[in-house]
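The next block is structure_14.csv, given as CSV, C-alpha atoms and all ligand atoms.
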```csv
chain,number,residue,atom,x,y,z
A,226,MET,CA,73.0,110.1,103.1
A,227,ILE,CA,76.0,110.0,100.6
A,228,GLY,CA,78.4,112.9,100.3
A,229,ASN,CA,82.0,114.0,100.6
A,230,ASP,CA,81.9,116.3,103.6
A,231,ILE,CA,84.8,115.3,105.8
A,232,THR,CA,83.9,117.9,108.5
A,233,TYR,CA,80.4,116.5,108.8
A,234,ALA,CA,81.7,113.0,108.9
A,235,ALA,CA,84.2,114.0,111.7
A,236,GLU,CA,81.4,115.6,113.7
A,237,LEU,CA,79.3,112.5,113.5
A,238,LEU,CA,82.2,110.3,114.5
A,239,LYS,CA,83.1,112.5,117.4
A,240,SER,CA,79.5,112.1,118.7
A,241,GLY,CA,79.8,108.3,118.6
A,242,LYS,CA,78.0,107.7,115.3
A,243,THR,CA,78.9,105.2,112.6
A,244,VAL,CA,80.0,106.4,109.2
A,245,ALA,CA,81.0,104.5,106.1
A,246,ILE,CA,84.4,105.5,104.8
A,247,PRO,CA,86.3,104.9,101.6
A,248,THR,CA,89.7,103.2,101.6
A,249,GLU,CA,91.9,102.0,98.8
A,250,THR,CA,90.9,98.4,99.5
A,251,VAL,CA,87.1,98.3,100.3
A,252,TYR,CA,84.7,100.6,102.1
A,253,GLY,CA,84.8,100.5,105.9
A,254,LEU,CA,82.1,100.8,108.6
A,255,ALA,CA,83.8,103.2,110.9
A,256,ALA,CA,83.3,104.5,114.5
A,257,ASN,CA,85.5,105.9,117.3
A,258,GLY,CA,87.8,103.0,118.1
A,259,PHE,CA,88.2,104.2,121.7
A,260,ASP,CA,84.5,104.4,122.4
A,261,GLU,CA,83.1,101.0,123.4
A,262,ASP,CA,79.5,101.8,122.7
A,263,ALA,CA,80.3,103.2,119.3
A,264,VAL,CA,82.2,100.0,118.5
A,265,ILE,CA,79.3,97.8,119.7
A,266,ASN,CA,77.1,99.7,117.2
A,267,ILE,CA,79.4,98.5,114.4
A,268,PHE,CA,78.9,94.9,115.4
A,269,GLU,CA,75.1,95.4,115.5
A,270,ILE,CA,74.8,97.1,112.1
A,271,LYS,CA,77.1,94.5,110.5
A,272,GLN,CA,75.4,91.6,112.3
A,273,ARG,CA,78.9,90.5,113.1
A,274,PRO,CA,79.7,88.0,115.8
A,275,ARG,CA,81.6,89.6,118.7
A,276,PHE,CA,84.4,87.0,118.5
A,277,ASN,CA,85.5,88.6,115.2
A,278,PRO,CA,88.0,91.5,116.1
A,279,LEU,CA,88.3,94.8,114.3
A,280,ILE,CA,91.1,96.8,112.6
A,281,LEU,CA,92.0,100.2,114.0
A,282,HIS,CA,92.7,102.7,111.2
A,283,ILE,CA,95.1,105.5,111.9
A,284,GLY,CA,96.1,108.7,110.0
A,285,ASN,CA,99.5,109.4,111.6
A,286,TRP,CA,102.4,107.6,113.4
A,287,GLU,CA,101.7,109.2,116.8
A,288,MET,CA,98.4,107.3,116.9
A,289,LEU,CA,100.3,104.0,116.5
A,290,GLU,CA,102.1,104.7,119.8
A,291,THR,CA,98.9,105.2,121.6
A,292,ILE,CA,97.7,101.8,120.3
A,293,SER,CA,100.9,99.8,120.8
A,294,ASN,CA,104.2,100.5,122.5
A,295,GLN,CA,105.8,97.2,121.5
A,296,VAL,CA,105.6,97.1,117.7
A,297,PRO,CA,108.1,94.4,116.6
A,298,GLU,CA,110.9,95.9,114.5
A,299,VAL,CA,110.2,93.8,111.5
A,300,LEU,CA,106.5,94.8,111.4
A,301,LEU,CA,107.5,98.5,111.8
A,302,SER,CA,109.8,98.2,108.8
A,303,LEU,CA,106.9,96.8,106.8
A,304,ALA,CA,104.6,99.5,108.0
A,305,LYS,CA,107.2,102.1,107.1
A,306,ALA,CA,107.5,100.6,103.6
A,307,PHE,CA,103.7,100.2,102.8
A,308,TRP,CA,101.8,102.8,104.9
A,309,PRO,CA,99.6,104.4,104.0
A,310,GLY,CA,98.5,101.3,102.1
A,311,PRO,CA,96.8,97.9,102.2
A,312,LEU,CA,98.8,96.3,105.0
A,313,THR,CA,97.5,95.5,108.5
A,314,ILE,CA,99.8,94.5,111.3
A,315,LEU,CA,99.0,92.7,114.5
A,316,VAL,CA,100.8,94.3,117.4
A,317,PRO,CA,100.5,94.1,121.2
A,318,LYS,CA,97.8,96.4,122.4
A,319,THR,CA,98.0,99.1,125.1
A,320,GLU,CA,95.3,99.8,127.7
A,321,ALA,CA,93.8,102.4,125.5
A,322,VAL,CA,92.4,99.5,123.3
A,323,HIS,CA,89.2,97.9,124.6
A,324,ASP,CA,88.9,94.1,124.5
A,325,ILE,CA,85.9,94.4,122.3
A,326,ILE,CA,88.2,95.6,119.5
A,327,THR,CA,90.5,92.6,119.7
A,328,ALA,CA,87.9,90.0,120.9
A,329,GLY,CA,90.0,89.5,124.0
A,330,SER,CA,93.3,89.0,122.1
A,331,PRO,CA,96.4,90.8,123.4
A,332,LEU,CA,97.1,91.7,119.8
A,333,VAL,CA,95.4,94.5,117.9
A,334,ALA,CA,95.2,95.0,114.2
A,335,VAL,CA,96.3,98.4,112.8
A,336,ARG,CA,96.6,100.0,109.5
A,337,MET,CA,97.0,103.4,107.8
A,338,PRO,CA,94.7,103.4,104.8
A,339,ASN,CA,95.7,105.1,101.6
A,340,HIS,CA,92.8,107.2,100.6
A,341,PRO,CA,93.0,111.0,100.6
A,342,LEU,CA,89.5,111.7,102.0
A,343,THR,CA,89.9,109.1,104.8
A,344,LEU,CA,93.4,110.2,105.6
A,345,SER,CA,92.4,113.8,106.1
A,346,LEU,CA,89.3,112.6,108.1
A,347,LEU,CA,91.6,110.6,110.4
A,348,GLN,CA,93.9,113.5,110.8
A,349,GLN,CA,91.0,115.6,112.2
A,350,LEU,CA,90.1,113.0,114.8
A,351,PRO,CA,91.8,112.5,118.2
A,352,PHE,CA,91.0,108.7,118.0
A,353,PRO,CA,91.6,105.8,115.6
A,354,LEU,CA,88.6,104.5,113.6
A,355,ALA,CA,87.6,100.9,114.2
A,356,ALA,CA,86.3,99.7,110.8
A,357,PRO,CA,85.4,96.3,109.4
A,358,SER,CA,84.3,96.1,105.7
A,359,ALA,CA,81.0,97.9,105.3
A,360,ASN,CA,78.9,94.9,104.4
A,361,THR,CA,76.8,92.6,106.4
A,362,PHE,CA,78.7,89.7,107.9
A,363,GLY,CA,79.8,87.0,105.4
A,364,THR,CA,78.7,88.9,102.2
A,365,ILE,CA,80.6,90.6,99.5
A,366,SER,CA,82.7,93.6,100.5
A,367,PRO,CA,81.7,97.0,99.0
A,368,THR,CA,84.0,98.8,96.6
A,369,ASN,CA,81.9,101.9,96.0
A,370,ALA,CA,79.5,104.1,98.0
A,371,GLN,CA,76.5,102.8,96.2
A,372,HIS,CA,77.3,99.2,97.3
A,373,VAL,CA,77.2,100.4,100.9
A,374,GLU,CA,74.0,102.4,100.4
A,375,ASN,CA,72.3,99.4,98.9
A,376,GLN,CA,73.0,97.1,101.8
A,377,LEU,CA,73.4,99.3,104.9
A,378,GLY,CA,72.1,102.8,103.8
A,379,SER,CA,69.1,102.8,106.2
A,380,ALA,CA,71.3,102.0,109.2
A,381,LEU,CA,73.9,104.7,108.6
A,382,ASP,CA,74.0,108.4,109.2
A,383,TYR,CA,76.5,109.1,106.5
A,384,ILE,CA,78.5,107.4,103.7
A,385,LEU,CA,81.6,109.3,102.8
A,386,ASP,CA,81.9,108.9,99.0
A,387,GLY,CA,85.5,108.5,97.9
A,388,GLY,CA,84.8,106.9,94.5
A,389,GLU,CA,85.8,103.4,93.4
A,390,CYS,CA,88.4,101.6,95.6
A,391,ALA,CA,91.7,101.5,93.8
A,392,ILE,CA,92.9,98.1,95.1
A,393,GLY,CA,89.5,96.3,95.4
A,394,VAL,CA,90.5,93.5,97.8
A,395,GLU,CA,91.1,93.8,101.6
A,396,SER,CA,94.4,94.5,103.2
A,397,THR,CA,97.1,91.9,103.8
A,398,ILE,CA,97.1,90.9,107.5
A,399,ALA,CA,100.5,90.1,108.9
A,400,LYS,CA,102.0,89.3,112.3
A,401,VAL,CA,105.1,87.7,113.8
A,402,ASN,CA,105.0,84.1,114.9
A,403,GLU,CA,106.7,82.7,118.0
A,404,PHE,CA,110.1,82.6,116.1
A,405,GLY,CA,109.8,86.3,115.2
A,406,ARG,CA,109.1,85.5,111.5
A,407,VAL,CA,106.5,87.5,109.6
A,408,VAL,CA,103.5,85.4,108.6
A,409,ILE,CA,100.5,86.3,106.6
A,410,LEU,CA,97.0,85.6,108.1
A,411,ARG,CA,95.1,87.0,105.2
A,412,PRO,CA,96.5,87.6,101.7
A,413,GLY,CA,95.5,91.0,100.3
A,414,GLY,CA,96.6,94.2,98.6
A,415,ILE,CA,100.3,93.7,99.4
A,416,SER,CA,101.9,90.5,98.1
A,417,ALA,CA,104.4,88.2,99.9
A,418,GLY,CA,106.8,89.1,97.1
A,419,GLU,CA,106.6,92.8,97.9
A,420,MET,CA,107.1,92.1,101.5
A,421,GLU,CA,110.2,90.0,100.7
A,422,LYS,CA,111.9,93.1,99.3
A,423,VAL,CA,111.7,94.7,102.7
A,424,ILE,CA,112.3,91.8,105.1
A,425,GLY,CA,114.5,89.6,103.0
A,426,TYR,CA,112.3,86.5,102.9
A,427,GLN,CA,108.8,85.5,101.7
A,428,PRO,CA,106.5,85.4,104.6
A,429,GLU,CA,104.6,82.2,104.9
A,430,SER,CA,100.8,82.1,104.8
A,431,VAL,CA,99.3,80.5,107.9
A,432,SER,CA,95.6,79.7,108.5
A,433,ALA,CA,94.4,80.7,111.8
A,434,GLU,CA,93.7,77.9,114.2
A,435,HIS,CA,90.9,79.5,116.2
A,436,PRO,CA,88.3,82.1,115.2
A,437,THR,CA,89.8,85.1,116.8
A,438,GLU,CA,93.0,84.4,115.0
A,439,ALA,CA,91.5,84.0,111.5
A,440,PRO,CA,88.1,85.6,111.7
A,441,GLY,CA,87.7,87.3,108.3
A,442,MET,CA,89.2,84.0,107.5
A,443,LEU,CA,86.1,82.0,108.1
A,444,LYS,CA,85.9,79.5,105.4
A,445,SER,CA,82.6,80.7,103.9
A,446,HIS,CA,82.9,84.4,103.4
A,447,TYR,CA,82.6,87.0,100.8
A,448,ALA,CA,79.7,84.9,99.6
A,449,PRO,CA,77.3,85.9,96.8
A,450,LYS,CA,73.6,85.1,97.2
A,451,ILE,CA,73.7,82.4,94.6
A,452,PRO,CA,76.0,79.4,94.5
A,453,LEU,CA,79.5,80.0,93.0
A,454,VAL,CA,81.5,77.0,91.7
A,455,ILE,CA,85.1,77.3,90.8
A,456,GLY,CA,86.9,75.1,88.3
A,457,ASN,CA,87.4,74.6,84.6
A,458,LEU,CA,84.8,76.8,82.9
A,459,ASN,CA,84.3,74.6,79.8
A,460,GLN,CA,83.7,71.5,81.9
A,461,LEU,CA,81.5,73.4,84.4
A,462,CYS,CA,79.3,74.8,81.7
A,463,GLU,CA,78.6,71.3,80.5
A,464,GLU,CA,77.8,70.1,84.0
A,465,HIS,CA,75.4,72.9,84.7
A,466,HIS,CA,73.9,73.3,81.2
A,467,ASN,CA,70.4,73.0,82.5
A,468,LYS,CA,70.7,76.2,84.7
A,469,ALA,CA,70.9,79.9,83.8
A,470,ILE,CA,74.7,80.4,84.1
A,471,GLY,CA,76.7,83.5,85.1
A,472,ILE,CA,80.4,83.4,84.4
A,473,ILE,CA,83.3,85.2,86.1
A,474,SER,CA,86.5,84.7,84.1
A,475,LEU,CA,89.9,86.3,84.2
A,476,GLN,CA,90.3,87.3,80.5
A,477,HIS,CA,88.4,85.2,78.1
A,478,GLN,CA,85.0,85.2,76.6
A,479,PHE,CA,83.2,81.8,77.0
A,480,SER,CA,80.3,80.8,74.8
A,481,HIS,CA,77.6,78.3,75.8
A,482,PRO,CA,73.8,78.5,75.2
A,483,ALA,CA,73.2,78.4,79.0
A,484,ILE,CA,75.3,81.5,79.7
A,485,ILE,CA,73.1,84.5,80.4
A,486,HIS,CA,75.7,86.9,81.9
A,487,GLN,CA,79.4,87.1,81.8
A,488,GLU,CA,82.0,89.1,83.8
A,489,ILE,CA,85.5,89.4,82.4
A,490,LEU,CA,87.8,90.7,85.1
A,491,THR,CA,90.5,92.1,82.8
A,492,GLU,CA,91.0,92.3,79.1
A,493,ASP,CA,94.8,92.1,79.2
A,494,GLY,CA,95.4,89.8,82.2
A,495,ASP,CA,96.5,92.6,84.5
A,496,LEU,CA,95.8,91.1,88.0
A,497,HIS,CA,95.6,94.5,89.7
A,498,LEU,CA,92.7,95.4,87.4
A,499,ALA,CA,91.1,92.0,88.1
A,500,ALA,CA,91.3,92.7,91.8
A,501,ARG,CA,89.7,96.1,91.4
A,502,ASN,CA,86.8,94.6,89.4
A,503,LEU,CA,86.3,91.4,91.5
A,504,PHE,CA,83.7,92.3,94.1
A,505,ALA,CA,81.6,94.6,91.8
A,506,ALA,CA,81.6,91.8,89.2
A,507,LEU,CA,80.3,89.3,91.8
A,508,ARG,CA,77.6,91.8,92.8
A,509,ARG,CA,76.4,92.2,89.2
A,510,LEU,CA,76.3,88.4,88.9
A,511,GLU,CA,74.2,88.1,92.0
A,512,THR,CA,71.5,90.2,90.4
A,513,SER,CA,71.9,89.1,86.8
A,514,GLY,CA,69.2,86.4,87.0
A,515,ALA,CA,71.8,83.6,86.9
A,516,GLU,CA,71.0,80.6,89.0
A,517,ILE,CA,74.6,79.7,89.4
A,518,ILE,CA,77.9,81.5,89.0
A,519,LEU,CA,80.8,79.6,87.5
A,520,GLY,CA,84.3,80.9,87.9
A,521,GLU,CA,87.9,80.2,87.4
A,522,LEU,CA,91.0,80.9,89.5
A,523,VAL,CA,93.5,83.4,88.3
A,524,PRO,CA,97.3,82.9,88.2
A,525,ASP,CA,98.4,82.3,91.8
A,526,ASN,CA,101.0,85.1,92.1
A,527,GLY,CA,101.1,88.6,93.5
A,528,ILE,CA,97.6,90.0,94.1
A,529,GLY,CA,96.3,86.9,92.3
A,530,ILE,CA,96.7,85.0,95.6
A,531,ALA,CA,94.3,87.4,97.3
A,532,ILE,CA,91.8,87.1,94.3
A,533,ASN,CA,91.9,83.3,94.5
A,534,ASP,CA,91.5,83.4,98.3
A,535,ARG,CA,88.3,85.5,97.9
A,536,LEU,CA,87.0,83.4,95.1
A,537,THR,CA,87.6,80.2,97.0
A,538,ARG,CA,85.9,81.5,100.2
A,539,ALA,CA,83.0,82.9,98.1
A,540,SER,CA,82.5,79.4,96.8
A,541,ALA,CA,82.6,77.6,100.1
B,1,LIG,O1,91.3,96.3,103.8
B,1,LIG,C1,90.8,96.1,104.9
B,1,LIG,O2,91.5,95.5,105.8
B,1,LIG,C2,89.4,96.5,105.2
B,1,LIG,C3,89.3,98.1,105.2
B,1,LIG,C4,88.0,98.6,105.6
B,1,LIG,O3,90.4,98.5,106.0
B,1,LIG,N1,88.9,96.0,106.5
B,1,LIG,C5,88.6,94.7,106.7
B,1,LIG,O4,88.1,94.5,107.9
B,1,LIG,O5,88.7,93.9,105.8
B,1,LIG,P1,87.3,93.2,108.3
B,1,LIG,O6,86.8,93.4,109.7
B,1,LIG,O7,86.3,92.8,107.3
B,1,LIG,O8,88.4,92.1,108.3
B,1,LIG,C6,89.5,92.2,109.2
B,1,LIG,C7,90.1,90.9,109.6
B,1,LIG,C8,89.1,90.0,110.2
B,1,LIG,O9,89.2,88.8,109.6
B,1,LIG,C9,89.7,89.9,111.6
B,1,LIG,O10,89.5,88.6,112.1
B,1,LIG,C10,91.1,90.2,111.5
B,1,LIG,O11,91.2,91.2,110.5
B,1,LIG,N2,91.6,90.7,112.7
B,1,LIG,C11,91.3,91.9,113.3
B,1,LIG,N3,91.9,92.0,114.5
B,1,LIG,C12,92.5,90.9,114.7
B,1,LIG,C13,93.3,90.4,115.8
B,1,LIG,N4,93.5,91.2,116.9
B,1,LIG,N5,93.8,89.2,115.7
B,1,LIG,C14,93.6,88.4,114.6
B,1,LIG,N6,92.9,88.8,113.5
B,1,LIG,C15,92.4,90.0,113.6
B,2,MG,MG,85.1,91.9,105.9
```
How does this structure look as structure tokens?
Amino acid sequence: MIGNDITYAAELLKSGKTVAIPTETVYGLAANGFDEDAVINIFEIKQRPRFNPLILHIGNWEMLETISNQVPEVLLSLAKAFWPGPLTILVPKTEAVHDIITAGSPLVAVRMPNHPLTLSLLQQLPFPLAAPSANTFGTISPTNAQHVENQLGSALDYILDGGECAIGVESTIAKVNEFGRVVILRPGGISAGEMEKVIGYQPESVSAEHPTEAPGMLKSHYAPKIPLVIGNLNQLCEEHHNKAIGIISLQHQFSHPAIIHQEILTEDGDLHLAARNLFAALRRLETSGAEIILGELVPDNGIGIAINDRLTRASA
């Protein structure tokens, strides 16, 4: 069922049920983060491997103290600057956090999402919400309630409808490395440049060495059901002229007789708008009848880095 009844959503969550929730990035598949059985349910609905840890979502600062009592100063300053918002920090966990949340890691991922419905829902709950994106493992993340309904509706008691996600790509995940420097594990809604204004340097991007470090970072992820190839669109159209082509481009219209569907992410080149449109455009392409999707990368700056990361993973 889809609706916007926060009180009902809170009741379900208090009784251990799973509810899809809107955030500013993508929809989440939420359950009581302190209830092991409720969390196991998330993994089952999502068909997600247990080695892939979950983010805990909080609605106030007191909850952060329950989850971690050793938040590095520099991560706290980032959280203060960007919460509620699309930033996730990895911090040492307390005993309150089960190993299933962190896949055995001593670090837990936390964020305060910036969506009015979900913030007031969280503020009614005495626990954080564990929530991965509300899609089956490895597929495109949902950016509206209908996306969730289409894929997971039958497995869910309730989908809290908060409209279209304003950011459209997942949160930036940051931690401190062994030298105390901030590093980015997943580019997302907050750019390295925005973080620099708070911490005085551009955090480096690191790729996680082992699965629990980089999980959502698995190479093939966010994948549409038909092949996606990234490159120069004019060349790619020539190479694939014998197939029904779907196009995902930043700004320009392409013309070629083999093109049957085209998605333009933004008319004026605004990368924030492109991010907001990205996942819905990929979903429309999936069902457009195209046999192959051809795409191009966007300028590699700001939120464009997150867009390019998702496009590249979707094409792996
Ligand atoms: O914007 C978002 O972050 C969305 C919304 C719903 O909040 N959530 C999201 O969750 O994207 P998910 O589970 O699809 O991706 C979370 C990523 C995973 O790649 C996971 O591996 C990483 O965060 N992660 C979570 N806990 C971690 C930990 N303790 N150590 C390292 N990586 C962690
Ligand atoms: Mg995900």
Checklist entry - What residues have any atom no more than 10 Å from ligand MG 2 (chain B) when counting all atoms listed in the file, and can you list them as a ChimeraX atom specification? => result /A:251-254,271,273,277,279,356-367,394-395,440-442,446-447
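Between atom CA of A:Glu290 and atom CA of A:Gln427 the interatomic distance comes to 27.2 Å.
Shortest atom-to-atom contact with ligand LIG 1 (chain B) among A:Asp386, A:Glu419, A:Glu249, A:Asp230: A:Glu249, counting all atoms listed in the file.
With all atoms listed in the file as the atoms that count, the minimum distance from ligand LIG 1 (chain B) to the choices A:Lys318, A:Lys239, A:Arg538, A:His477 is reached by A:Lys318.
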Checklist entry - In Å, how far is it from atom CA of A:Val423 to atom CA of A:Asn502? => result 28.2 Å
Next on the checklist: Can you measure atom CA of A:Ile270 to atom CA of A:Ala399 for me? One decimal in Å is fine.
Outcome noted: 26.8 Å
Checklist entry - Any idea what's packed within 12 Å of A:Pro412, counting only C-alpha atoms, ignoring anything in its chain fewer than 6 positions away? Could you give it as a VMD selection string? => result chain A and resid 311 to 313 394 to 399 418 to 420 428 to 432 439 441 to 442 525 to 535
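The closest residue to A:Ile392, picked from A:Phe276, A:Phe259, A:Phe268, A:Phe504 and counting all atoms listed in the file, is A:Phe504.
Nearest to ligand LIG 1 (chain B) of all the residues A:Asp324, A:Glu374, A:Asp260, A:Glu421 is A:Asp324, counting only C-alpha atoms and all ligand atoms.
Nearest to A:Thr248 of all the residues A:Leu289, A:Leu344, A:Ala448, A:Leu503 is A:Leu344, based on all atoms listed in the file.
Each of A:Leu301, A:Ile415, A:Leu522, A:Leu237 was checked against A:Ile473 using only C-alpha atoms; the smallest atom-to-atom distance is that of A:Leu522.
By only C-alpha atoms, and with residues fewer than 5 positions from A:Glu463 along its chain excluded, the set lying at most 10 Å from it is Leu458, His481 and Ala483 of chain A.
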Item to check | Test item: residues at most 9 Å from stretch 351-353 of chain A, only C-alpha atoms, excluding those fewer than 3 positions along its chain, as JSON, numbers by chain | outcome: {"A": [239, 256, 257, 258, 259, 260, 281, 282, 283, 284, 288, 289, 292, 347, 348]}
Item to check | Polymer residues at most 9 Å from A:Ile489, only C-alpha atoms, same-chain spacing of 3 or more positions, as an NGL selection string | outcome: :A and (472-478 or 492 or 499 or 502 or 506)
Can you complete the atoms of stretch 257-276 of chain A to N, CA and C atoms and list them as a PDB file, in the coordinates of the input?
```
ATOM      1  N   ASN A 257      84.377 105.559 116.375  1.00  0.00           N
ATOM      2  CA  ASN A 257      85.500 105.900 117.300  1.00  0.00           C
ATOM      3  C   ASN A 257      85.994 104.589 117.953  1.00  0.00           C
ATOM      4  N   GLY A 258      87.234 104.247 117.644  1.00  0.00           N
ATOM      5  CA  GLY A 258      87.800 103.000 118.100  1.00  0.00           C
ATOM      6  C   GLY A 258      88.112 102.984 119.614  1.00  0.00           C
ATOM      7  N   PHE A 259      88.027 104.154 120.266  1.00  0.00           N
ATOM      8  CA  PHE A 259      88.200 104.200 121.700  1.00  0.00           C
ATOM      9  C   PHE A 259      86.928 104.274 122.482  1.00  0.00           C
ATOM     10  N   ASP A 260      85.798 104.235 121.783  1.00  0.00           N
ATOM     11  CA  ASP A 260      84.500 104.400 122.400  1.00  0.00           C
ATOM     12  C   ASP A 260      83.753 103.027 122.299  1.00  0.00           C
ATOM     13  N   GLU A 261      83.652 102.327 123.441  1.00  0.00           N
ATOM     14  CA  GLU A 261      83.100 101.000 123.400  1.00  0.00           C
ATOM     15  C   GLU A 261      81.697 100.918 122.831  1.00  0.00           C
ATOM     16  N   ASP A 262      80.858 101.878 123.209  1.00  0.00           N
ATOM     17  CA  ASP A 262      79.500 101.800 122.700  1.00  0.00           C
ATOM     18  C   ASP A 262      79.424 102.061 121.203  1.00  0.00           C
ATOM     19  N   ALA A 263      80.260 102.970 120.724  1.00  0.00           N
ATOM     20  CA  ALA A 263      80.300 103.200 119.300  1.00  0.00           C
ATOM     21  C   ALA A 263      80.740 101.965 118.542  1.00  0.00           C
ATOM     22  N   VAL A 264      81.676 101.232 119.144  1.00  0.00           N
ATOM     23  CA  VAL A 264      82.200 100.000 118.500  1.00  0.00           C
ATOM     24  C   VAL A 264      81.103  98.913 118.524  1.00  0.00           C
ATOM     25  N   ILE A 265      80.380  98.820 119.633  1.00  0.00           N
ATOM     26  CA  ILE A 265      79.300  97.800 119.700  1.00  0.00           C
ATOM     27  C   ILE A 265      78.290  98.057 118.596  1.00  0.00           C
ATOM     28  N   ASN A 266      78.038  99.330 118.319  1.00  0.00           N
ATOM     29  CA  ASN A 266      77.100  99.700 117.200  1.00  0.00           C
ATOM     30  C   ASN A 266      77.561  99.106 115.883  1.00  0.00           C
ATOM     31  N   ILE A 267      78.872  99.103 115.637  1.00  0.00           N
ATOM     32  CA  ILE A 267      79.400  98.500 114.400  1.00  0.00           C
ATOM     33  C   ILE A 267      78.984  97.045 114.298  1.00  0.00           C
ATOM     34  N   PHE A 268      79.218  96.326 115.395  1.00  0.00           N
ATOM     35  CA  PHE A 268      78.900  94.900 115.400  1.00  0.00           C
ATOM     36  C   PHE A 268      77.410  94.683 115.107  1.00  0.00           C
ATOM     37  N   GLU A 269      76.572  95.578 115.664  1.00  0.00           N
ATOM     38  CA  GLU A 269      75.100  95.400 115.500  1.00  0.00           C
ATOM     39  C   GLU A 269      74.712  95.697 114.043  1.00  0.00           C
ATOM     40  N   ILE A 270      75.209  96.800 113.495  1.00  0.00           N
ATOM     41  CA  ILE A 270      74.800  97.100 112.100  1.00  0.00           C
ATOM     42  C   ILE A 270      75.295  96.046 111.164  1.00  0.00           C
ATOM     43  N   LYS A 271      76.461  95.528 111.408  1.00  0.00           N
ATOM     44  CA  LYS A 271      77.100  94.500 110.500  1.00  0.00           C
ATOM     45  C   LYS A 271      76.559  93.120 110.768  1.00  0.00           C
ATOM     46  N   GLN A 272      75.849  92.950 111.886  1.00  0.00           N
ATOM     47  CA  GLN A 272      75.400  91.600 112.300  1.00  0.00           C
ATOM     48  C   GLN A 272      76.628  90.689 112.411  1.00  0.00           C
ATOM     49  N   ARG A 273      77.671  91.233 113.010  1.00  0.00           N
ATOM     50  CA  ARG A 273      78.900  90.500 113.100  1.00  0.00           C
ATOM     51  C   ARG A 273      79.092  89.878 114.442  1.00  0.00           C
ATOM     52  N   PRO A 274      79.514  88.610 114.507  1.00  0.00           N
ATOM     53  CA  PRO A 274      79.700  88.000 115.800  1.00  0.00           C
ATOM     54  C   PRO A 274      80.844  88.724 116.583  1.00  0.00           C
ATOM     55  N   ARG A 275      80.667  88.827 117.892  1.00  0.00           N
ATOM     56  CA  ARG A 275      81.600  89.600 118.700  1.00  0.00           C
ATOM     57  C   ARG A 275      82.998  88.947 118.772  1.00  0.00           C
ATOM     58  N   PHE A 276      83.105  87.664 118.411  1.00  0.00           N
ATOM     59  CA  PHE A 276      84.400  87.000 118.500  1.00  0.00           C
ATOM     60  C   PHE A 276      85.317  87.438 117.326  1.00  0.00           C
TER      61      PHE A 276
END
```
